[in-house]
>>> print(open('my_file_36.txt').read())   # compact mmCIF, C-alpha atoms
# COMPACT_ATOMS: atom_id res chain seq x y z
CA MET A 1 15.92 78.54 20.15
CA ALA A 2 16.03 82.34 20.13
CA GLN A 3 18.44 83.92 17.69
CA GLN A 4 20.58 85.44 20.47
CA GLU A 5 20.91 82.15 22.29
CA ARG A 6 21.94 80.48 19.07
CA ALA A 7 24.62 83.11 18.53
CA VAL A 8 25.99 82.54 22.04
CA ARG A 9 26.17 78.80 21.41
CA THR A 10 27.85 79.24 18.04
CA ARG A 11 30.42 81.59 19.54
CA ARG A 12 31.12 79.08 22.28
CA ALA A 13 31.43 76.20 19.78
CA ILE A 14 33.92 78.23 17.74
CA LEU A 15 35.97 79.10 20.84
CA GLU A 16 36.03 75.46 21.93
CA ALA A 17 37.13 74.38 18.46
CA ALA A 18 39.83 77.08 18.46
CA GLY A 19 40.93 75.91 21.91
CA HIS A 20 41.17 72.35 20.67
CA VAL A 21 43.18 73.30 17.57
CA PHE A 22 45.54 75.69 19.45
CA ASP A 23 46.03 73.00 22.07
CA ALA A 24 46.80 70.28 19.53
CA HIS A 25 48.97 72.25 17.08
CA GLY A 26 50.15 75.38 18.87
CA TYR A 27 49.10 78.90 17.91
CA GLU A 28 51.60 79.33 15.09
CA ALA A 29 50.65 76.18 13.18
CA ALA A 30 46.89 76.41 13.79
CA THR A 31 44.74 77.44 10.82
CA ILE A 32 41.27 78.93 10.53
CA ALA A 33 40.39 76.02 8.21
CA GLN A 34 41.11 73.51 11.00
CA ILE A 35 39.00 75.53 13.43
CA LEU A 36 36.12 75.74 10.94
CA GLU A 37 36.21 72.01 10.34
CA ARG A 38 36.28 71.23 14.05
CA ALA A 39 33.50 73.69 14.91
CA GLY A 40 31.32 72.60 12.00
CA VAL A 41 30.30 76.18 11.24
CA THR A 42 30.52 78.25 8.07
CA ARG A 43 33.33 80.68 7.41
CA GLY A 44 30.71 83.46 7.52
CA ALA A 45 29.58 82.41 11.01
CA LEU A 46 33.16 82.36 12.28
CA TYR A 47 33.97 85.79 10.87
CA PHE A 48 30.74 87.17 12.29
CA HIS A 49 32.15 86.45 15.77
CA PHE A 50 35.93 86.69 15.28
CA SER A 51 37.82 88.81 12.79
CA SER A 52 41.05 86.76 12.71
CA LYS A 53 43.14 84.01 14.29
CA GLU A 54 44.53 86.66 16.66
CA ASP A 55 41.00 87.57 17.68
CA LEU A 56 40.24 83.89 18.33
CA ALA A 57 43.32 83.61 20.54
CA ARG A 58 42.16 86.65 22.53
CA GLY A 59 38.75 85.02 22.90
CA VAL A 60 40.35 81.78 24.15
CA LEU A 61 42.51 83.66 26.65
CA ALA A 62 39.50 85.63 27.92
CA GLU A 63 37.88 82.34 28.98
CA ALA A 64 40.82 81.34 31.15
CA VAL A 65 40.40 83.21 34.39
CA THR A 66 37.19 82.12 36.00
CA THR A 67 36.13 81.47 39.55
CA GLU A 68 33.01 79.74 38.26
CA GLY A 69 31.93 76.86 40.46
CA LEU A 70 33.55 78.32 43.58
CA LEU A 71 31.63 79.00 46.76
CA PRO A 72 32.56 81.15 49.77
CA GLN A 73 34.27 79.09 52.47
CA ARG A 74 34.96 79.51 56.17
CA PHE A 75 38.64 80.26 55.36
CA LYS A 76 39.98 82.35 52.49
CA LEU A 77 42.89 79.92 52.19
CA GLN A 78 40.34 77.20 51.43
CA GLU A 79 38.98 79.38 48.62
CA LEU A 80 42.50 79.70 47.24
CA VAL A 81 43.02 75.93 47.40
CA ASP A 82 39.61 75.36 45.83
CA ALA A 83 40.39 77.65 42.88
CA SER A 84 43.71 75.84 42.31
CA LEU A 85 42.33 72.33 42.62
CA LEU A 86 39.27 73.09 40.51
CA LEU A 87 41.45 74.48 37.73
CA ALA A 88 43.66 71.37 37.94
CA HIS A 89 40.57 69.19 37.77
CA ARG A 90 39.14 71.05 34.77
CA LEU A 91 42.28 71.57 32.70
CA PRO A 92 42.72 68.00 31.41
CA ARG A 93 39.00 67.91 30.61
CA GLU A 94 38.69 71.26 28.81
CA PRO A 95 40.69 72.02 25.66
CA LEU A 96 39.71 75.69 25.92
CA LEU A 97 41.45 76.03 29.28
CA ARG A 98 44.43 74.01 28.10
CA ALA A 99 44.78 76.23 25.04
CA SER A 100 44.73 79.39 27.14
CA MET A 101 47.55 77.93 29.23
CA ARG A 102 49.50 77.01 26.12
CA LEU A 103 49.07 80.49 24.67
CA SER A 104 50.51 81.92 27.90
CA VAL A 105 53.55 79.65 27.68
CA ASP A 106 54.11 80.08 23.92
CA GLN A 107 56.75 82.73 23.40
CA ARG A 108 55.29 84.22 20.21
CA ALA A 109 51.66 84.09 21.25
CA ARG A 110 52.64 85.67 24.56
CA ALA A 111 54.35 88.53 22.76
CA MET A 112 51.14 89.17 20.81
CA PHE A 113 48.46 88.68 23.46
CA GLY A 114 50.17 88.84 26.80
CA THR A 115 49.32 86.23 29.39
CA LYS A 116 46.63 85.60 31.96
CA TRP A 117 49.19 85.15 34.74
CA PRO A 118 48.74 88.69 36.12
CA ASP A 119 45.01 87.99 36.47
CA TRP A 120 45.57 84.68 38.28
CA ILE A 121 48.17 86.29 40.50
CA ALA A 122 45.69 89.08 41.30
CA VAL A 123 43.00 86.55 42.27
CA ALA A 124 45.46 84.68 44.53
CA GLU A 125 46.80 87.90 46.05
CA ARG A 126 43.30 89.12 46.88
CA LEU A 127 42.47 85.83 48.64
CA LEU A 128 45.82 85.79 50.51
CA THR A 129 45.34 89.41 51.59
CA GLU A 130 41.89 88.58 52.96
CA ALA A 131 43.38 85.49 54.63
CA GLU A 132 46.02 87.70 56.23
CA HIS A 133 43.38 90.12 57.57
CA ASN A 134 41.49 87.15 59.02
CA GLY A 135 44.61 85.91 60.80
CA GLU A 136 44.82 82.74 58.70
CA THR A 137 48.41 83.24 57.53
CA LEU A 138 51.75 83.01 59.31
CA PRO A 139 53.38 86.38 60.08
CA HIS A 140 56.19 86.10 57.48
CA VAL A 141 53.78 85.54 54.57
CA SER A 142 53.66 88.30 51.95
CA PRO A 143 50.41 87.97 49.96
CA ALA A 144 51.94 89.46 46.80
CA ASP A 145 55.07 87.29 46.79
CA THR A 146 53.22 84.15 47.82
CA ALA A 147 50.52 84.63 45.18
CA ARG A 148 53.17 84.97 42.49
CA LEU A 149 55.04 81.87 43.71
CA LEU A 150 51.93 79.71 43.92
CA VAL A 151 50.66 80.68 40.46
CA ALA A 152 54.14 80.10 39.02
CA ALA A 153 54.55 76.75 40.77
CA TRP A 154 51.08 75.67 39.64
CA THR A 155 52.04 76.46 36.04
CA GLY A 156 55.31 74.56 36.30
CA VAL A 157 53.61 71.52 37.81
CA GLN A 158 51.11 71.52 34.95
CA LEU A 159 53.87 71.78 32.32
CA VAL A 160 55.96 69.00 33.82
CA ALA A 161 52.87 66.80 34.29
CA GLU A 162 52.16 67.19 30.59
CA ALA A 163 55.75 66.70 29.40
CA VAL A 164 56.75 63.91 31.80
CA PRO A 165 53.42 62.21 32.53
CA ARG A 166 52.87 59.90 35.48
CA ASP A 167 49.98 57.55 36.09
CA GLU A 168 47.94 60.11 38.00
CA GLU A 169 45.87 63.23 37.47
CA LEU A 170 47.09 66.82 37.50
CA VAL A 171 44.94 67.43 40.56
CA ASP A 172 46.97 64.80 42.50
CA GLU A 173 50.13 66.74 41.76
CA ILE A 174 48.56 70.08 42.72
CA THR A 175 47.43 68.52 46.01
CA ARG A 176 51.08 67.63 46.69
CA LEU A 177 52.13 71.19 45.83
CA TYR A 178 49.75 72.49 48.51
CA ARG A 179 50.84 69.86 51.02
CA LEU A 180 54.39 71.08 50.45
CA THR A 181 53.69 74.80 50.68
CA LEU A 182 50.59 75.41 52.84
CA PRO A 183 52.16 74.37 56.18
CA ASN A 184 54.47 77.36 55.70
CA ILE A 185 51.59 79.70 54.77
CA ALA A 186 48.67 78.82 57.08
CA VAL A 187 48.67 79.08 60.86
CA PRO A 188 48.45 75.56 62.35
CA GLY A 189 44.84 75.80 63.51
CA VAL A 190 43.69 76.81 60.03
CA MET A 191 46.00 74.29 58.37
CA ALA A 192 44.29 71.48 60.26
CA SER A 193 40.93 72.55 58.82
CA LEU A 194 41.93 72.90 55.18
CA ASP A 195 40.82 70.29 52.67
CA VAL A 196 43.45 69.84 49.96
CA ALA A 197 42.48 66.30 48.90
CA PRO A 198 42.49 65.59 45.16
CA ASP A 199 38.77 64.78 45.20
CA ARG A 200 37.95 68.16 46.71
CA PRO A 201 36.77 69.54 43.33
CA LEU A 202 34.14 66.80 43.16
CA ARG A 203 32.79 67.92 46.53
CA LEU A 204 32.76 71.64 45.74
CA GLY A 205 29.01 71.82 45.49
CA THR A 206 28.96 72.16 49.28
CA SER A 207 30.56 74.77 51.54
CA SER A 208 32.93 73.44 54.20
CA MET B 1 96.07 76.89 18.86
CA ALA B 2 95.91 73.16 18.19
CA GLN B 3 93.40 72.04 15.59
CA GLN B 4 91.36 70.06 18.08
CA GLU B 5 91.10 72.96 20.50
CA ARG B 6 90.00 75.21 17.65
CA ALA B 7 87.29 72.70 16.71
CA VAL B 8 86.01 72.65 20.31
CA ARG B 9 85.84 76.44 20.38
CA THR B 10 84.08 76.62 17.02
CA ARG B 11 81.54 74.03 18.14
CA ARG B 12 80.90 76.01 21.32
CA ALA B 13 80.55 79.29 19.39
CA ILE B 14 78.00 77.68 17.08
CA LEU B 15 76.03 76.26 20.02
CA GLU B 16 76.01 79.63 21.76
CA ALA B 17 74.84 81.32 18.57
CA ALA B 18 72.12 78.68 18.16
CA GLY B 19 71.12 79.21 21.79
CA HIS B 20 70.88 82.94 21.22
CA VAL B 21 68.77 82.56 18.06
CA PHE B 22 66.45 79.87 19.53
CA ASP B 23 66.04 82.04 22.62
CA ALA B 24 65.22 85.17 20.63
CA HIS B 25 62.98 83.69 17.93
CA GLY B 26 61.84 80.28 19.15
CA TYR B 27 62.82 76.99 17.55
CA GLU B 28 60.25 77.07 14.76
CA ALA B 29 61.17 80.53 13.42
CA ALA B 30 64.94 80.20 13.88
CA THR B 31 67.01 79.71 10.72
CA ILE B 32 70.46 78.29 10.06
CA ALA B 33 71.29 81.56 8.29
CA GLN B 34 70.66 83.54 11.51
CA ILE B 35 72.82 81.12 13.48
CA LEU B 36 75.64 81.35 10.90
CA GLU B 37 75.54 85.13 10.99
CA ARG B 38 75.57 85.22 14.78
CA ALA B 39 78.37 82.64 15.11
CA GLY B 40 80.48 84.24 12.39
CA VAL B 41 81.45 80.86 10.96
CA THR B 42 81.15 79.40 7.49
CA ARG B 43 78.31 77.13 6.47
CA GLY B 44 80.91 74.38 6.00
CA ALA B 45 82.15 74.78 9.59
CA LEU B 46 78.60 74.59 10.94
CA TYR B 47 77.73 71.48 8.95
CA PHE B 48 81.00 69.87 10.02
CA HIS B 49 79.68 69.96 13.59
CA PHE B 50 75.90 69.81 13.18
CA SER B 51 73.92 68.17 10.40
CA SER B 52 70.70 70.20 10.77
CA LYS B 53 68.68 72.63 12.89
CA GLU B 54 67.33 69.58 14.76
CA ASP B 55 70.88 68.51 15.51
CA LEU B 56 71.67 72.00 16.80
CA ALA B 57 68.66 71.87 19.10
CA ARG B 58 69.86 68.53 20.47
CA GLY B 59 73.28 70.07 21.06
CA VAL B 60 71.73 73.02 22.91
CA LEU B 61 69.63 70.71 25.09
CA ALA B 62 72.65 68.56 25.90
CA GLU B 63 74.33 71.58 27.50
CA ALA B 64 71.47 72.19 29.90
CA VAL B 65 71.97 69.75 32.74
CA THR B 66 75.23 70.52 34.42
CA THR B 67 76.39 70.52 38.00
CA GLU B 68 79.49 72.45 36.96
CA GLY B 69 80.65 74.88 39.63
CA LEU B 70 79.09 72.90 42.47
CA LEU B 71 81.10 71.66 45.42
CA PRO B 72 80.25 69.01 48.01
CA GLN B 73 78.62 70.53 51.09
CA ARG B 74 78.01 69.46 54.67
CA PHE B 75 74.33 68.87 53.84
CA LYS B 76 72.90 67.33 50.68
CA LEU B 77 69.99 69.77 50.90
CA GLN B 78 72.52 72.58 50.58
CA GLU B 79 73.80 70.96 47.38
CA LEU B 80 70.24 70.88 46.06
CA VAL B 81 69.74 74.55 46.94
CA ASP B 82 73.11 75.40 45.38
CA ALA B 83 72.25 73.69 42.09
CA SER B 84 68.91 75.55 41.96
CA LEU B 85 70.31 78.96 42.86
CA LEU B 86 73.30 78.60 40.55
CA LEU B 87 71.04 77.73 37.62
CA ALA B 88 68.86 80.75 38.45
CA HIS B 89 71.95 82.92 38.59
CA ARG B 90 73.29 81.64 35.27
CA LEU B 91 70.09 81.49 33.24
CA PRO B 92 69.64 85.24 32.62
CA ARG B 93 73.35 85.47 31.75
CA GLU B 94 73.58 82.50 29.36
CA PRO B 95 71.48 82.34 26.19
CA LEU B 96 72.44 78.68 25.75
CA LEU B 97 70.80 77.73 29.04
CA ARG B 98 67.80 79.94 28.32
CA ALA B 99 67.36 78.31 24.92
CA SER B 100 67.45 74.82 26.42
CA MET B 101 64.69 75.88 28.81
CA ARG B 102 62.66 77.35 25.97
CA LEU B 103 63.04 74.18 23.89
CA SER B 104 61.68 72.18 26.85
CA VAL B 105 58.66 74.46 27.12
CA ASP B 106 57.99 74.72 23.37
CA GLN B 107 55.33 72.20 22.44
CA ARG B 108 56.69 71.32 19.00
CA ALA B 109 60.35 71.25 19.94
CA ARG B 110 59.46 69.10 22.93
CA ALA B 111 57.68 66.61 20.69
CA MET B 112 60.85 66.34 18.57
CA PHE B 113 63.60 66.36 21.20
CA GLY B 114 61.98 65.57 24.50
CA THR B 115 62.91 67.67 27.50
CA LYS B 116 65.66 67.82 30.08
CA TRP B 117 63.19 67.76 32.96
CA PRO B 118 63.67 64.04 33.66
CA ASP B 119 67.43 64.68 34.03
CA TRP B 120 66.92 67.59 36.43
CA ILE B 121 64.36 65.60 38.39
CA ALA B 122 66.86 62.71 38.60
CA VAL B 123 69.58 65.05 39.94
CA ALA B 124 67.20 66.46 42.56
CA GLU B 125 65.87 63.03 43.51
CA ARG B 126 69.41 61.68 44.02
CA LEU B 127 70.28 64.59 46.33
CA LEU B 128 67.00 64.30 48.25
CA THR B 129 67.49 60.54 48.65
CA GLU B 130 70.97 61.12 50.06
CA ALA B 131 69.55 63.85 52.30
CA GLU B 132 66.93 61.38 53.53
CA HIS B 133 69.61 58.78 54.35
CA ASN B 134 71.54 61.43 56.26
CA GLY B 135 68.48 62.31 58.32
CA GLU B 136 68.23 65.82 56.84
CA THR B 137 64.60 65.53 55.70
CA LEU B 138 61.32 65.43 57.58
CA PRO B 139 59.68 61.98 57.77
CA HIS B 140 56.82 62.72 55.35
CA VAL B 141 59.16 63.80 52.51
CA SER B 142 59.19 61.55 49.43
CA PRO B 143 62.38 62.23 47.45
CA ALA B 144 60.76 61.34 44.11
CA ASP B 145 57.63 63.47 44.57
CA THR B 146 59.52 66.38 46.11
CA ALA B 147 62.16 66.38 43.35
CA ARG B 148 59.43 66.53 40.72
CA LEU B 149 57.60 69.34 42.54
CA LEU B 150 60.73 71.44 43.05
CA VAL B 151 61.89 71.13 39.44
CA ALA B 152 58.38 71.94 38.22
CA ALA B 153 58.02 74.92 40.55
CA TRP B 154 61.48 76.21 39.54
CA THR B 155 60.40 76.08 35.89
CA GLY B 156 57.15 77.89 36.58
CA VAL B 157 58.89 80.61 38.56
CA GLN B 158 61.32 81.14 35.68
CA LEU B 159 58.49 81.34 33.13
CA VAL B 160 56.45 83.80 35.16
CA ALA B 161 59.55 85.88 35.94
CA GLU B 162 60.15 86.17 32.22
CA ALA B 163 56.54 86.86 31.23
CA VAL B 164 55.62 89.18 34.12
CA PRO B 165 58.98 90.72 35.06
CA ARG B 166 59.61 92.46 38.36
CA ASP B 167 62.53 94.64 39.31
CA GLU B 168 64.62 91.80 40.66
CA GLU B 169 66.65 88.83 39.52
CA LEU B 170 65.41 85.30 38.94
CA VAL B 171 67.65 84.14 41.78
CA ASP B 172 65.69 86.38 44.21
CA GLU B 173 62.50 84.61 43.22
CA ILE B 174 64.08 81.14 43.52
CA THR B 175 65.30 82.08 47.00
CA ARG B 176 61.69 82.83 47.94
CA LEU B 177 60.60 79.49 46.47
CA TYR B 178 63.05 77.73 48.82
CA ARG B 179 62.03 79.85 51.80
CA LEU B 180 58.45 78.76 51.10
CA THR B 181 59.16 75.06 50.63
CA LEU B 182 62.31 74.07 52.56
CA PRO B 183 60.85 74.48 56.07
CA ASN B 184 58.50 71.65 55.12
CA ILE B 185 61.35 69.51 53.71
CA ALA B 186 64.34 69.97 56.06
CA VAL B 187 64.43 69.02 59.74
CA PRO B 188 64.70 72.22 61.83
CA GLY B 189 68.35 71.77 62.82
CA VAL B 190 69.41 71.41 59.19
CA MET B 191 67.05 74.19 58.07
CA ALA B 192 68.82 76.61 60.40
CA SER B 193 72.15 75.82 58.70
CA LEU B 194 71.05 76.14 55.09
CA ASP B 195 72.10 79.15 53.06
CA VAL B 196 69.41 80.09 50.55
CA ALA B 197 70.34 83.75 50.12
CA PRO B 198 70.23 85.13 46.56
CA ASP B 199 73.96 85.92 46.65
CA ARG B 200 74.81 82.33 47.52
CA PRO B 201 75.89 81.57 43.89
CA LEU B 202 78.54 84.31 44.17
CA ARG B 203 79.97 82.60 47.23
CA LEU B 204 79.95 79.09 45.80
CA GLY B 205 83.70 78.96 45.42
CA THR B 206 83.87 77.96 49.09
CA SER B 207 82.32 74.99 50.89
CA SER B 208 80.05 75.81 53.83
>>> encode(input="my_file_36.txt", output="structure tokens")
Amino acid sequence: MAQQERAVRTRRAILEAAGHVFDAHGYEAATIAQILERAGVTRGALYFHFSSKEDLARGVLAEAVTTEGLLPQRFKLQELVDASLLLAHRLPREPLLRASMRLSVDQRARAMFGTKWPDWIAVAERLLTEAEHNGETLPHVSPADTARLLVAAWTGVQLVAEAVPRDEELVDEITRLYRLTLPNIAVPGVMASLDVAPDRPLRLGTSS
Amino acid sequence: MAQQERAVRTRRAILEAAGHVFDAHGYEAATIAQILERAGVTRGALYFHFSSKEDLARGVLAEAVTTEGLLPQRFKLQELVDASLLLAHRLPREPLLRASMRLSVDQRARAMFGTKWPDWIAVAERLLTEAEHNGETLPHVSPADTARLLVAAWTGVQLVAEAVPRDEELVDEITRLYRLTLPNIAVPGVMASLDVAPDRPLRLGTSS
């Protein structure tokens, strides 16, 4: 394996270990020693990539906003739904994502690093603005306000799902959030074509 | 002032001070010394009412779920909206409420004390079930699922409002949440009668 490729993998392994430790213990209580043990790398390797716990947290947060795995769709509202459902599908499976969410919610970490919410809101607002231009949205819908509400509601659903678990997946709850809100966002003809089923993320290899 | 009344006031002053300190510093970093200083009471007085910081946190959380200030309304959905808007109106004004929210969101505090979300969800579910019996809700609405979604979304809106502030009040954002969701919950005739305006909490002295 080339030296550069090895460095990329090591960096990723450290970030995933940091994500796991932040997720399990919270930012405040997490230690570099725990991250080292989890990553199985030397202290020297860790400090080659990250100068401090703060730097690790920034690295974790930087991984959060991704539209990886998303394909263009017939309707921009479908792309918005896809991004939301895919994130809900991935979050319980990926400690790195979960940690970035936790850092956003944690009062002290947030004060130090800010949050990724403005980035998610920007992604949603862009898609809703395009949807509006394409005539997909009802006339009262404000892309900026709706983007903010949907990102906020998504976050709340994730928090409550974690704190008061039910026998179902996060993606099932996010599907219900969209079934509650979309009929008041999409024009009926578009609404009828949108796929908000919980297994949508598993079918995302193909454009609809 | 009678001794008992004085004790009630002292207990309240300590809880409000604890709320303020938990809100400002988070549960983990908060100290009894800060709470004593803020409350302006003796250590003896504090320990007469609360045995520990944990006990104070439990006291703060116990204050969170209240339907104080709410009056019966023509529609149960209006009572649900009133509870949500009133909480949004009070939260920025009352450190005790804000602290109870923060303790619910804080990962470590939550592990120790649980959260008040199940209580809020139960309040919302009861109102939605009554609304359903009265024919106020659309046929697809499940009171349990909808209660959970609305409480979760409310929480997310509050968190994002705090982390990414805009030049408006929380109650303005909660009004938008209801304008987004209620048309897919209430039957049209009821929807047209519901008051979800942000100044609704100021008018709650009177039944509609």
>>> residues_around(input="my_file_36.txt", residues="Met112 (chain A)", least_positions_apart="6", cutoff="10 Å", atoms="all atoms listed in the file", output="list in words")
Glu54, Ala57, Arg58 and Leu103 of chain A
>>> atom_distance(input="my_file_36.txt", atom1="CA of Ala152 (chain A)", atom2="CA of Ala29 (chain A)")
26.4 Å
>>> closest_residue(input="my_file_36.txt", among="A:Ser100, A:Ala144, A:Ser84, A:Ala39", to="Arg176 (chain A)", atoms="all atoms listed in the file")
A:Ser84
>>> interface_residues(input="my_file_36.txt", of="chain A", to="chain B", cutoff="9 Å", atoms="all atoms listed in the file", output="PyMOL selection string")
chain A and resi 25-26+28+102+104-108+110-111+114-115+117-118+141+145-146+148-161+163-164+173+176-177+179-185
>>> atom_distance(input="my_file_36.txt", atom1="CA of Ala45 (chain A)", atom2="CA of Ala18 (chain A)")
13.7 Å
>>> atom_distance(input="my_file_36.txt", atom1="CA of Leu194 (chain A)", atom2="CA of Val81 (chain A)")
8.4 Å
>>> closest_residue(input="my_file_36.txt", among="B:Leu202, B:Leu56, B:Ala2, B:Ala109", to="Leu87 (chain B)", atoms="all atoms listed in the file")
B:Leu202
>>> residues_around(input="my_file_36.txt", residues="Gly19 (chain B)", least_positions_apart="4", cutoff="8 Å", atoms="all atoms listed in the file", output="JSON, numbers by chain")
{"B": [15, 23, 60, 95, 96, 97, 98, 99, 100]}
>>> residues_around(input="my_file_36.txt", residues="Ala7 (chain A)", least_positions_apart="4", cutoff="10 Å", atoms="all atoms listed in the file", output="list in words")
Met1, Ala2, Gln3, Arg11, Arg12, Ala13, Ala45, Phe48 and His49 of chain A
>>> decode(input="my_file_36.txt", residues="region 42-59 of chain B", atoms="N, CA, C and O atoms", output="PDB file, in the first residue's frame")
ATOM      1  N   THR B  42     -27.853  29.892  52.689  1.00  0.00           N
ATOM      2  CA  THR B  42     -26.745  29.211  53.353  1.00  0.00           C
ATOM      3  C   THR B  42     -26.664  27.771  52.861  1.00  0.00           C
ATOM      4  O   THR B  42     -27.647  27.210  52.339  1.00  0.00           O
ATOM      5  N   ARG B  43     -25.496  27.198  53.037  1.00  0.00           N
ATOM      6  CA  ARG B  43     -25.291  25.798  52.693  1.00  0.00           C
ATOM      7  C   ARG B  43     -26.285  24.912  53.463  1.00  0.00           C
ATOM      8  O   ARG B  43     -26.842  23.965  52.917  1.00  0.00           O
ATOM      9  N   GLY B  44     -26.502  25.265  54.727  1.00  0.00           N
ATOM     10  CA  GLY B  44     -27.455  24.511  55.558  1.00  0.00           C
ATOM     11  C   GLY B  44     -28.852  24.525  54.972  1.00  0.00           C
ATOM     12  O   GLY B  44     -29.532  23.491  54.919  1.00  0.00           O
ATOM     13  N   ALA B  45     -29.278  25.709  54.494  1.00  0.00           N
ATOM     14  CA  ALA B  45     -30.625  25.831  53.907  1.00  0.00           C
ATOM     15  C   ALA B  45     -30.729  24.954  52.660  1.00  0.00           C
ATOM     16  O   ALA B  45     -31.724  24.255  52.455  1.00  0.00           O
ATOM     17  N   LEU B  46     -29.680  25.001  51.822  1.00  0.00           N
ATOM     18  CA  LEU B  46     -29.717  24.196  50.603  1.00  0.00           C
ATOM     19  C   LEU B  46     -29.822  22.711  50.940  1.00  0.00           C
ATOM     20  O   LEU B  46     -30.682  22.003  50.404  1.00  0.00           O
ATOM     21  N   TYR B  47     -28.971  22.261  51.878  1.00  0.00           N
ATOM     22  CA  TYR B  47     -28.961  20.828  52.181  1.00  0.00           C
ATOM     23  C   TYR B  47     -30.196  20.395  52.967  1.00  0.00           C
ATOM     24  O   TYR B  47     -30.516  19.211  53.024  1.00  0.00           O
ATOM     25  N   PHE B  48     -30.906  21.361  53.544  1.00  0.00           N
ATOM     26  CA  PHE B  48     -32.192  21.031  54.173  1.00  0.00           C
ATOM     27  C   PHE B  48     -33.183  20.569  53.089  1.00  0.00           C
ATOM     28  O   PHE B  48     -33.963  19.639  53.287  1.00  0.00           O
ATOM     29  N   HIS B  49     -33.103  21.218  51.923  1.00  0.00           N
ATOM     30  CA  HIS B  49     -34.051  20.905  50.849  1.00  0.00           C
ATOM     31  C   HIS B  49     -33.548  19.858  49.865  1.00  0.00           C
ATOM     32  O   HIS B  49     -34.330  19.084  49.323  1.00  0.00           O
ATOM     33  N   PHE B  50     -32.242  19.884  49.578  1.00  0.00           N
ATOM     34  CA  PHE B  50     -31.693  18.991  48.547  1.00  0.00           C
ATOM     35  C   PHE B  50     -30.414  18.348  49.059  1.00  0.00           C
ATOM     36  O   PHE B  50     -29.525  19.053  49.559  1.00  0.00           O
ATOM     37  N   SER B  51     -30.306  17.028  48.885  1.00  0.00           N
ATOM     38  CA  SER B  51     -29.176  16.326  49.484  1.00  0.00           C
ATOM     39  C   SER B  51     -27.910  16.391  48.635  1.00  0.00           C
ATOM     40  O   SER B  51     -26.832  16.091  49.132  1.00  0.00           O
ATOM     41  N   SER B  52     -28.033  16.750  47.344  1.00  0.00           N
ATOM     42  CA  SER B  52     -26.873  16.686  46.450  1.00  0.00           C
ATOM     43  C   SER B  52     -27.179  17.424  45.146  1.00  0.00           C
ATOM     44  O   SER B  52     -28.318  17.840  44.906  1.00  0.00           O
ATOM     45  N   LYS B  53     -26.164  17.540  44.298  1.00  0.00           N
ATOM     46  CA  LYS B  53     -26.368  18.142  42.977  1.00  0.00           C
ATOM     47  C   LYS B  53     -27.341  17.283  42.163  1.00  0.00           C
ATOM     48  O   LYS B  53     -28.196  17.817  41.437  1.00  0.00           O
ATOM     49  N   GLU B  54     -27.236  15.962  42.307  1.00  0.00           N
ATOM     50  CA  GLU B  54     -28.160  15.049  41.622  1.00  0.00           C
ATOM     51  C   GLU B  54     -29.607  15.357  42.027  1.00  0.00           C
ATOM     52  O   GLU B  54     -30.511  15.398  41.199  1.00  0.00           O
ATOM     53  N   ASP B  55     -29.772  15.542  43.337  1.00  0.00           N
ATOM     54  CA  ASP B  55     -31.104  15.814  43.871  1.00  0.00           C
ATOM     55  C   ASP B  55     -31.637  17.150  43.318  1.00  0.00           C
ATOM     56  O   ASP B  55     -32.831  17.275  43.001  1.00  0.00           O
ATOM     57  N   LEU B  56     -30.763  18.125  43.194  1.00  0.00           N
ATOM     58  CA  LEU B  56     -31.157  19.402  42.601  1.00  0.00           C
ATOM     59  C   LEU B  56     -31.604  19.224  41.151  1.00  0.00           C
ATOM     60  O   LEU B  56     -32.603  19.803  40.720  1.00  0.00           O
ATOM     61  N   ALA B  57     -30.850  18.405  40.417  1.00  0.00           N
ATOM     62  CA  ALA B  57     -31.211  18.168  39.014  1.00  0.00           C
ATOM     63  C   ALA B  57     -32.589  17.516  38.930  1.00  0.00           C
ATOM     64  O   ALA B  57     -33.410  17.882  38.084  1.00  0.00           O
ATOM     65  N   ARG B  58     -32.856  16.569  39.835  1.00  0.00           N
ATOM     66  CA  ARG B  58     -34.180  15.924  39.845  1.00  0.00           C
ATOM     67  C   ARG B  58     -35.270  16.947  40.145  1.00  0.00           C
ATOM     68  O   ARG B  58     -36.340  16.920  39.562  1.00  0.00           O
ATOM     69  N   GLY B  59     -34.963  17.860  41.059  1.00  0.00           N
ATOM     70  CA  GLY B  59     -35.922  18.918  41.397  1.00  0.00           C
ATOM     71  C   GLY B  59     -36.201  19.828  40.208  1.00  0.00           C
ATOM     72  O   GLY B  59     -37.346  20.200  39.941  1.00  0.00           O
TER      73      GLY B  59
END
